[in-house]
Every structure is written in C-alpha cells, then in structure tokens.
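Note: the block below is start.txt and it holds compact mmCIF, C-alpha atoms.
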```
# COMPACT_ATOMS: atom_id res chain seq x y z
CA MET A 13 -38.05 35.76 -5.78
CA LYS A 14 -41.50 37.25 -5.30
CA LYS A 15 -41.46 41.02 -5.09
CA LYS A 16 -42.69 42.46 -1.81
CA SER A 17 -45.59 44.87 -1.66
CA PRO A 18 -44.48 48.46 -0.99
CA ARG A 19 -46.46 48.30 2.27
CA ASN A 20 -44.76 45.10 3.40
CA GLN A 21 -42.42 46.11 6.23
CA THR A 22 -41.40 42.62 7.35
CA ILE A 23 -37.83 42.62 8.65
CA GLU A 24 -35.63 40.31 6.62
CA LEU A 25 -31.94 39.44 6.49
CA SER A 26 -29.62 39.39 3.52
CA GLU A 27 -26.63 37.03 3.46
CA SER A 28 -24.30 39.91 4.21
CA GLU A 29 -26.45 40.98 7.15
CA ILE A 30 -26.39 37.46 8.56
CA ASP A 31 -22.59 37.58 8.44
CA TYR A 32 -22.56 41.03 10.04
CA PHE A 33 -24.99 40.29 12.86
CA SER A 34 -23.50 36.86 13.53
CA ASN A 35 -20.38 38.65 14.75
CA LYS A 36 -22.47 40.34 17.46
CA LEU A 37 -23.73 37.04 18.89
CA ILE A 38 -21.92 35.41 21.79
CA LYS A 39 -21.38 31.89 23.15
CA VAL A 40 -21.15 30.85 26.79
CA ASN A 41 -18.75 27.96 27.36
CA GLY A 42 -17.88 28.53 31.01
CA PRO A 43 -18.85 30.64 34.02
CA VAL A 44 -19.50 34.27 33.04
CA SER A 45 -19.99 37.55 34.85
CA VAL A 46 -23.07 39.73 34.36
CA SER A 47 -21.01 42.32 32.47
CA GLU A 48 -19.93 39.71 29.91
CA ILE A 49 -23.50 38.90 28.87
CA LEU A 50 -25.30 42.19 29.56
CA ASN A 51 -27.14 43.56 26.53
CA LYS A 52 -26.10 40.56 24.45
CA THR A 53 -27.77 37.80 22.48
CA ILE A 54 -26.48 34.33 23.35
CA ASN A 55 -26.78 32.00 20.35
CA GLN A 56 -26.99 28.60 22.04
CA ASP A 57 -29.40 26.04 23.39
CA LEU A 58 -30.59 27.21 26.81
CA LEU A 59 -29.57 24.00 28.58
CA GLU A 60 -25.97 24.51 27.40
CA VAL A 61 -25.92 27.91 29.08
CA LEU A 62 -27.86 27.64 32.33
CA ASP A 63 -25.14 26.13 34.52
CA TYR A 64 -22.72 28.93 33.65
CA LEU A 65 -24.95 31.94 34.39
CA PRO A 66 -24.37 34.06 37.51
CA GLU A 67 -26.72 33.81 40.46
CA SER A 68 -29.31 36.38 41.57
CA PHE A 69 -28.87 38.99 38.83
CA VAL A 70 -32.21 39.07 36.98
CA ASP A 71 -34.98 41.52 37.91
CA LEU A 72 -37.55 40.37 35.37
CA LEU A 73 -37.77 36.99 33.64
CA ILE A 74 -39.99 36.68 30.56
CA VAL A 75 -40.30 33.09 29.32
CA ASP A 76 -41.96 32.25 26.01
CA PRO A 77 -41.12 28.56 25.47
CA PRO A 78 -42.46 26.46 22.60
CA TYR A 79 -46.07 25.62 23.37
CA ASN A 80 -47.09 21.99 23.59
CA LEU A 81 -47.74 21.77 19.86
CA THR A 82 -45.86 20.17 17.00
CA LYS A 83 -44.25 23.17 15.31
CA SER A 84 -41.18 23.94 13.23
CA PHE A 85 -38.82 26.75 14.25
CA ASN A 86 -36.45 27.16 11.30
CA ASN A 87 -34.11 24.17 11.77
CA SER A 88 -35.75 22.93 14.99
CA LEU A 89 -38.89 20.85 15.41
CA PHE A 90 -40.80 20.82 18.69
CA SER A 91 -43.05 17.76 19.02
CA ARG A 92 -46.23 17.68 21.03
CA LYS A 93 -45.91 15.83 24.34
CA SER A 94 -48.26 14.43 26.96
CA ILE A 95 -49.25 16.78 29.79
CA GLU A 96 -46.82 14.94 32.09
CA GLU A 97 -43.97 15.03 29.57
CA TYR A 98 -44.46 18.74 28.87
CA ALA A 99 -44.46 19.47 32.61
CA GLU A 100 -41.20 17.55 32.94
CA TRP A 101 -39.69 19.53 30.05
CA ILE A 102 -40.75 22.87 31.58
CA ASP A 103 -39.39 21.77 34.96
CA GLY A 104 -36.05 20.93 33.36
CA PHE A 105 -35.21 24.56 32.67
CA LEU A 106 -37.33 26.40 35.28
CA SER A 107 -35.60 24.57 38.11
CA LYS A 108 -32.28 25.95 36.88
CA LEU A 109 -33.57 29.42 36.01
CA ARG A 110 -34.64 29.89 39.61
CA LYS A 111 -31.04 30.55 40.71
CA VAL A 112 -30.51 33.51 38.34
CA LEU A 113 -33.38 35.50 39.86
CA LYS A 114 -33.10 38.14 42.54
CA PRO A 115 -35.29 37.60 45.63
CA THR A 116 -37.38 40.54 44.38
CA ALA A 117 -37.72 39.25 40.81
CA THR A 118 -40.90 38.80 38.79
CA VAL A 119 -41.57 36.00 36.29
CA TYR A 120 -43.96 35.96 33.35
CA LEU A 121 -44.41 32.70 31.45
CA CYS A 122 -46.41 32.44 28.21
CA SER A 123 -48.60 29.45 27.36
CA ASP A 124 -51.69 28.32 25.50
CA TRP A 125 -54.77 26.68 27.02
CA HIS A 126 -53.51 23.16 26.41
CA SER A 127 -50.29 23.84 28.33
CA SER A 128 -51.99 25.46 31.31
CA THR A 129 -52.19 22.35 33.48
CA SER A 130 -48.50 21.58 33.02
CA VAL A 131 -47.38 25.18 33.44
CA HIS A 132 -49.35 25.91 36.61
CA LEU A 133 -48.14 22.78 38.36
CA VAL A 134 -44.49 23.48 37.63
CA LEU A 135 -44.60 27.21 38.36
CA SER A 136 -46.17 26.50 41.75
CA LYS A 137 -43.10 24.46 42.71
CA TYR A 138 -40.71 27.37 42.39
CA PHE A 139 -42.67 30.64 42.58
CA ILE A 140 -45.72 32.37 44.00
CA VAL A 141 -48.33 32.26 41.23
CA ARG A 142 -50.27 35.52 41.47
CA ASN A 143 -52.46 35.65 38.38
CA ARG A 144 -53.01 34.47 34.84
CA ILE A 145 -53.39 37.07 32.11
CA THR A 146 -55.43 36.03 29.09
CA TRP A 147 -54.93 38.07 25.93
CA GLU A 148 -56.94 38.01 22.75
CA ARG A 149 -54.89 36.68 19.86
CA GLU A 150 -57.25 37.58 17.06
CA LYS A 151 -55.66 35.85 14.11
CA GLY A 152 -56.24 32.82 11.95
CA ARG A 153 -59.17 31.12 10.27
CA GLY A 154 -62.15 29.58 12.00
CA ALA A 155 -62.35 25.97 13.15
CA LYS A 156 -65.09 23.62 11.91
CA THR A 157 -64.91 21.00 14.68
CA ASN A 158 -64.07 23.17 17.71
CA TRP A 159 -64.24 26.70 19.05
CA LYS A 160 -61.73 28.95 17.32
CA ASN A 161 -58.66 29.37 19.53
CA SER A 162 -58.21 33.14 19.89
CA SER A 163 -56.43 33.54 23.21
CA GLU A 164 -53.14 32.88 24.95
CA ASP A 165 -52.11 33.07 28.59
CA ILE A 166 -49.32 34.74 30.53
CA TRP A 167 -48.67 33.51 34.06
CA PHE A 168 -47.67 36.20 36.56
CA CYS A 169 -45.37 34.94 39.32
CA THR A 170 -42.91 36.31 41.86
CA VAL A 171 -40.02 34.82 43.78
CA SER A 172 -41.26 36.30 47.06
CA ASP A 173 -43.76 38.76 48.51
CA ASP A 174 -41.21 41.54 47.98
CA TYR A 175 -41.65 42.56 44.34
CA SER A 176 -42.35 45.59 42.15
CA PHE A 177 -45.68 46.20 40.41
CA TYR A 178 -46.71 49.49 38.80
CA PRO A 179 -50.28 49.32 37.41
CA GLU A 180 -50.38 53.08 36.86
CA ARG A 181 -47.74 52.69 34.12
CA VAL A 182 -49.92 50.38 32.05
CA LYS A 183 -53.28 52.08 32.07
CA LEU A 184 -55.43 51.62 28.99
CA LYS A 185 -57.04 54.55 27.22
CA ARG A 186 -60.63 53.56 26.43
CA LYS A 187 -63.41 55.39 24.67
CA VAL A 188 -66.05 56.55 27.15
CA LEU A 189 -69.41 54.88 26.59
CA ALA A 190 -71.00 55.07 30.03
CA PRO A 191 -68.84 57.44 32.10
CA TYR A 192 -68.57 57.41 35.86
CA LYS A 193 -70.10 60.49 37.46
CA GLN A 194 -69.17 62.52 40.52
CA ASN A 195 -71.55 65.18 41.79
CA GLY A 196 -73.61 64.68 38.66
CA LYS A 197 -70.68 65.36 36.31
CA PRO A 198 -68.59 62.88 34.25
CA LYS A 199 -65.48 61.79 36.16
CA ASP A 200 -61.95 61.33 34.77
CA TRP A 201 -62.78 62.22 31.16
CA ILE A 202 -60.03 63.00 28.68
CA ILE A 203 -61.34 64.84 25.62
CA GLU A 204 -59.24 64.76 22.44
CA ASN A 205 -60.37 65.97 19.07
CA GLY A 206 -64.00 65.99 20.23
CA LYS A 207 -63.88 62.38 21.51
CA SER A 208 -64.00 61.29 25.14
CA PHE A 209 -61.60 58.81 26.74
CA ARG A 210 -60.86 57.48 30.19
CA LEU A 211 -57.71 55.91 31.61
CA THR A 212 -58.52 52.53 33.16
CA TYR A 213 -56.43 50.26 35.36
CA PRO A 214 -55.26 47.02 33.73
CA SER A 215 -57.14 43.77 34.28
CA ASN A 216 -56.08 40.21 33.50
CA ILE A 217 -58.07 40.23 30.24
CA TRP A 218 -56.33 42.05 27.38
CA THR A 219 -58.24 42.78 24.18
CA ASP A 220 -56.09 45.61 22.81
CA ILE A 221 -53.21 43.61 21.31
CA SER A 222 -52.52 43.45 17.56
CA ILE A 223 -50.54 40.47 16.29
CA PRO A 224 -47.56 41.56 14.12
CA PHE A 225 -48.38 41.29 10.43
CA TRP A 226 -46.65 42.18 7.18
CA SER A 227 -47.45 45.91 7.16
CA MET A 228 -46.12 46.48 10.70
CA PRO A 229 -42.44 47.51 11.04
CA GLU A 230 -41.86 45.07 13.93
CA ASN A 231 -42.95 42.03 11.91
CA THR A 232 -40.56 39.15 11.18
CA GLU A 233 -41.02 35.67 9.76
CA HIS A 234 -40.73 34.03 13.19
CA PRO A 235 -43.81 31.76 13.51
CA THR A 236 -44.73 32.72 17.09
CA GLN A 237 -43.52 36.31 17.40
CA LYS A 238 -44.99 38.22 20.35
CA PRO A 239 -46.16 41.82 19.84
CA GLU A 240 -43.96 44.58 21.23
CA LYS A 241 -47.01 46.15 22.88
CA LEU A 242 -47.65 42.95 24.83
CA ILE A 243 -44.10 42.73 26.16
CA ALA A 244 -44.02 46.47 26.89
CA LYS A 245 -46.87 46.03 29.37
CA LEU A 246 -44.98 43.33 31.26
CA ILE A 247 -41.74 45.32 31.36
CA LEU A 248 -43.34 48.60 32.44
CA ALA A 249 -45.51 46.97 35.11
CA SER A 250 -42.75 44.89 36.68
CA SER A 251 -39.38 46.63 36.28
CA ASP A 252 -37.61 49.96 36.51
CA GLU A 253 -35.20 51.68 34.15
CA GLY A 254 -31.78 50.08 34.43
CA ASP A 255 -33.16 46.72 35.58
CA ILE A 256 -32.09 43.49 33.88
CA VAL A 257 -34.70 41.69 31.76
CA PHE A 258 -33.87 38.12 30.73
CA ASP A 259 -35.56 36.08 28.00
CA PRO A 260 -34.27 32.49 27.70
CA PHE A 261 -36.31 31.77 24.53
CA LEU A 262 -35.66 35.02 22.71
CA GLY A 263 -36.93 34.12 19.24
CA SER A 264 -36.66 37.13 16.94
CA GLY A 265 -35.83 39.43 19.85
CA THR A 266 -39.01 41.17 20.96
CA THR A 267 -38.17 41.14 24.68
CA SER A 268 -34.66 42.53 24.19
CA VAL A 269 -35.89 45.15 21.72
CA VAL A 270 -38.65 46.41 23.99
CA ALA A 271 -36.34 46.39 27.01
CA LYS A 272 -33.90 48.56 25.07
CA LYS A 273 -36.65 50.94 23.96
CA LEU A 274 -37.80 51.29 27.57
CA LYS A 275 -34.27 51.86 28.91
CA ARG A 276 -33.79 48.50 30.59
CA ASN A 277 -30.84 46.15 30.26
CA TYR A 278 -31.46 42.88 28.49
CA ILE A 279 -30.07 39.40 27.96
CA GLY A 280 -31.51 36.86 25.54
CA VAL A 281 -30.78 33.24 24.65
CA GLU A 282 -31.79 31.91 21.22
CA ARG A 283 -30.60 28.65 19.69
CA GLU A 284 -31.49 29.43 16.04
CA LYS A 285 -28.85 31.63 14.42
CA ILE A 286 -31.22 33.26 11.93
CA TYR A 287 -33.58 34.39 14.71
CA ALA A 288 -30.70 35.57 16.88
CA CYS A 289 -29.48 37.67 13.93
CA LEU A 290 -32.99 39.07 13.47
CA ALA A 291 -32.92 40.08 17.12
CA GLU A 292 -29.64 41.93 16.60
CA LYS A 293 -30.98 43.69 13.52
CA ARG A 294 -34.08 44.81 15.42
CA LEU A 295 -31.90 46.03 18.29
CA GLU A 296 -29.94 48.14 15.82
CA LEU A 297 -33.15 49.51 14.31
CA ALA A 298 -34.38 50.40 17.81
CA GLU A 299 -31.54 52.90 18.12
CA LYS A 300 -33.25 55.01 15.44
CA ASP A 301 -36.88 54.28 16.30
CA SER A 302 -37.92 53.64 19.89
CA SER A 303 -41.68 53.76 19.24
CA ILE A 304 -43.97 50.91 20.27
CA GLN A 305 -47.18 50.30 18.33
CA GLY A 306 -50.25 51.18 20.40
CA PHE A 307 -48.25 53.00 23.11
CA ARG A 308 -47.75 56.75 23.10
CA ASP A 309 -47.07 59.43 25.72
CA GLY A 310 -46.98 56.83 28.49
CA VAL A 311 -50.44 55.44 27.66
CA PHE A 312 -51.66 52.25 26.00
CA TRP A 313 -54.50 52.66 23.54
CA GLU A 314 -57.29 50.31 22.59
CA ARG A 315 -56.69 48.40 19.37
CA ASN A 316 -57.20 50.46 16.19
CA THR A 317 -57.85 53.76 18.02
CA LEU A 318 -54.48 55.50 18.38
CA ASN A 319 -53.85 56.15 14.68
CA LYS A 320 -57.41 57.32 14.08
CA ILE A 321 -57.13 60.01 16.75
CA HIS A 322 -53.73 61.29 15.66
CA THR A 323 -54.36 61.22 11.91
CA SER A 324 -57.61 63.13 12.28
CA LYS A 325 -55.95 66.17 13.83
```
Take the structure in the file and write it out as structure tokens.
Amino acid sequence: MKKKSPRNQTIELSESEIDYFSNKLIKVNGPVSVSEILNKTINQDLLEVLDYLPESFVDLLIVDPPYNLTKSFNNSLFSRKSIEEYAEWIDGFLSKLRKVLKPTATVYLCSDWHSSTSVHLVLSKYFIVRNRITWEREKGRGAKTNWKNSSEDIWFCTVSDDYSFYPERVKLKRKVLAPYKQNGKPKDWIIENGKSFRLTYPSNIWTDISIPFWSMPENTEHPTQKPEKLIAKLILASSDEGDIVFDPFLGSGTTSVVAKKLKRNYIGVEREKIYACLAEKRLELAEKDSSIQGFRDGVFWERNTLNKIHTSK
C-alpha cells in the first residue's frame, strides 16, 4: 500500500471502522416515525425508503443526485440518459419526496449544465422555482475540443410563498478595491491587520468555493463530494437551529455533517455502505471539530483569504 503524504488528511476507513460504523446505520422496512430516523443515516436505495417516510416533517431538502453522466459510485454505475429519460428519473423520486416536506420547506437541487433542462422542467411541476445558483468548480484539466467545464448549478425552490430566507447569515467578506462612499468617506469598511474588507450580500454567482482535496480534513474518496462551505451556505440561508435537514443522496455525508455542526437535525439516505460509513465517521469527527473551511465568526470569506489574514497576525 502506498504511504500517504504527512499532509494528506483524506478520511479513510479501516476494516474495523467499517464494522463499527455499520452498526450505526439503519434500515427502513416499514412506516417509521420522525424520532426513529432523526439524526440517522439510512443505508438503502432511496426508492425502497420513500413510501415509508412520514409526511410533512422536513424543513430543508438538499438533493444532490447523480448528474446525467456515466459515472461509477463504488459498486454502483450511473449511465448517461437522454434528456427525457433523465427528467423521468428525477421525477420518479421528486414526486414522492414532495410529501415529506412542510408547507414552509425549501428545496435545493444540484445539477450540471447538461442536466439543467431536465431539472428545471421537473422542479416546476412540484415547486416554485425561485433562482439558480451557479458556483465555480475550479478543478480538473482543460478541454481541447470544448470550453472547460468549471461550474455547477444549484436550483433554489420552495413549496409555497411562505418560506424562510436569511441572506444576512451568508454574507461574503470581500477585499475592498473600489469602496462605496458616504459623505465623501468609505462606507462599511472592516479593517483587519491593515487590510480593508466589506461584507456583501450573496448573489447567485459563487466564486469562493474550494473543492475538497487531499490536504483538507473534510476530504474523502467520494467522486462527487460537495464542499462543506457550499452546503453551509444553503443551510444557514434557509433553516434555523433545530430544523430538520434531509439529504436523500447523502454520499459521504457532507449535508448531515454540516447540519450537525450548525446545530440542525439531519437525516440522510445513502445506498452504498462504504459511503454511509464515511458519513458516520465524519459525524463522529464533527463532535470534536465543528469548524467549516472558509467560514469563521459567522462570516464567509473569499477563497484563499481567510488563512492569510489569520496567519499573518
């Protein structure tokens, strides 16, 4: 086995840990109450579970399904479909997820550009589509026959017009280049260590996200892991402490982990046992370390700026 670099913080599982964390996973084989699944990881295929879930108990739904690409997820292979077939597949679970949501619930669904047509059409059937966030996914090599694909989308939807949204919780701390002025003086400056910053309201273009990589303590070997910072923005903007956050395609557990760190309740469904165990390991680690990369003192920082400011003090 190749020896890891001392700086490689990728979370891995030993055989004994797989046995240990497997015992924390649950199965749903009949109707369940909220208390039976609260703060748990359900290790099953989503379609085996949906009919047994309670109604109207979820405050925030974060959905990160396989994109319409041919990709391997441990023991599972997702094959690329036509736009119509992918829309039908999305509809198959969204139509059933609708019942678990409170009338005041918010939904975020992740996609890539190729899936956008399918996703928008299906979401519009069941929810009010309010916006589409595009975030810069700066990773990977260039493309020789096309523009390099460096972005992904997150669709922002609600069940009704009665929903929670807190933009002041997700302000971004930016370096001041051309400050606003009031009465001839710079407005809303924050000066730290001789450098000027300004808190700005969030837009639907996010360029401050770092993809997990081997030297980050949140990194796993899941092929499509979402950054904790990304999910933290969704949770803070659209839920309150104590709310229930549900992720039906949990992967290695980012949504549950961030929900726990931000004092929300969580429920996740993940069909692959190894990823479900990774989620449980990360949840255990979160009990000792509740930090989120790029987020400190209630403020999100631009990419590659937070550490520079704090290490220079």
Set out as JSON lines a contact list for segment 194-307 of chain A and segment 160-180 of chain A with a cut-off of 9 Å, giving each residue of segment 194-307 of chain A that qualifies its closest atom pair and distance in Å to one decimal, counting all atoms listed in the file, ordered by chain and rising residue number.
```
{"residue": "A:Thr212", "atom": "CA", "partner": "A:Glu180", "partner_atom": "CA", "distance": 9.0}
{"residue": "A:Tyr213", "atom": "CA", "partner": "A:Pro179", "partner_atom": "CA", "distance": 6.6}
{"residue": "A:Pro214", "atom": "CA", "partner": "A:Pro179", "partner_atom": "CA", "distance": 6.6}
{"residue": "A:Leu248", "atom": "CA", "partner": "A:Tyr178", "partner_atom": "CA", "distance": 7.3}
{"residue": "A:Ala249", "atom": "CA", "partner": "A:Tyr178", "partner_atom": "CA", "distance": 4.6}
{"residue": "A:Ser250", "atom": "CA", "partner": "A:Phe177", "partner_atom": "CA", "distance": 4.9}
{"residue": "A:Ser251", "atom": "CA", "partner": "A:Ser176", "partner_atom": "CA", "distance": 6.7}
{"residue": "A:Asp252", "atom": "CA", "partner": "A:Ser176", "partner_atom": "CA", "distance": 8.6}
```
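Omitting Glu97 of chain A and its sequence neighbours fewer than 6 positions away, and counting only C-alpha atoms, the residues within 10 Å are Asn80, Asp103 and Ser130 of chain A.
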List as number ranges by chain the protein and nucleic acid residues near Tyr32 of chain A, meaning an atom at most 10 Å away when only C-alpha atoms are counted, but skip any in the same chain fewer than 6 places from it. A: 26, 289, 292-293
Writer output for current selection, C-alpha atoms, as a PDB file, keeping the file's coordinate frame:
```pdb
ATOM      1  CA  SER A  26     -29.620  39.390   3.520  1.00  0.00           C
ATOM      2  CA  CYS A 289     -29.480  37.670  13.930  1.00  0.00           C
ATOM      3  CA  GLU A 292     -29.640  41.930  16.600  1.00  0.00           C
ATOM      4  CA  LYS A 293     -30.980  43.690  13.520  1.00  0.00           C
TER       5      LYS A 293
END
```
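Residue nearest Lys238 of chain A within the list A:Ser302, A:Ser123, A:Asn55, A:Asn158: A:Ser123 [criterion: smallest interatomic distance, only C-alpha atoms].
Picture a line from atom CA of Ile223 of chain A to atom CA of Ala298 of chain A; it runs 19.0 Å.
Computed from the coordinates, the atom CA of Ile95 of chain A to atom CA of Leu62 of chain A distance equals 24.1 Å.
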All file atoms of segment 125-137 of chain A boxed axis-aligned, 5 Å per side, centre plus edges, as lines of an AutoDock Vina configuration file:
```
center_x = -48.9
center_y = 24.4
center_z = 34.6
size_x = 21.7
size_y = 15.6
size_z = 26.3
```
Spatial neighbours of Ile23 of chain A, 8 Å, all atoms listed in the file, chain gap at least 5 places, as a PyMOL selection string: chain A and resi 229-233+290
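With distances restricted to only C-alpha atoms, A:Val257 is the closest residue to Val119 of chain A from A:Val257, A:Ile54, A:Leu211, A:Ala244.
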Spatial neighbours of Ser94 of chain A, 12 Å, all atoms listed in the file, chain gap at least 6 places, as number ranges by chain: A: 79-82, 100-101, 126-127, 129-130
Using C-alpha atoms, can you write the selected residues to a file as a compact mmCIF listing (two decimals), in the coordinates of the input?
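The resulting file, again27.txt, is reproduced below:
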```
# COMPACT_ATOMS: atom_id res chain seq x y z
CA TYR A 79 -46.07 25.62 23.37
CA ASN A 80 -47.09 21.99 23.59
CA LEU A 81 -47.74 21.77 19.86
CA THR A 82 -45.86 20.17 17.00
CA GLU A 100 -41.20 17.55 32.94
CA TRP A 101 -39.69 19.53 30.05
CA HIS A 126 -53.51 23.16 26.41
CA SER A 127 -50.29 23.84 28.33
CA THR A 129 -52.19 22.35 33.48
CA SER A 130 -48.50 21.58 33.02
```
Taken to one decimal, the atom CA of Thr118 of chain A-atom CA of Ile38 of chain A distance is 25.7 Å
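Among the candidates A:Leu246, A:Val311, A:Leu106, A:Ala288, the residue lying nearest to Gly265 of chain A is A:Ala288 (atoms considered: all atoms listed in the file).
Comparing the minimum interatomic distances between Asn143 of chain A and each of A:Ile286, A:Arg110, A:Ile217, A:Ile256, counting only C-alpha atoms, we find that A:Ile217 sits nearest.
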I'd like the contact shell of Asn51 of chain A - 6 Å cut-off, all atoms listed in the file, skipping same-chain residues fewer than 2 positions apart - returned as number ranges by chain. A: 277-279
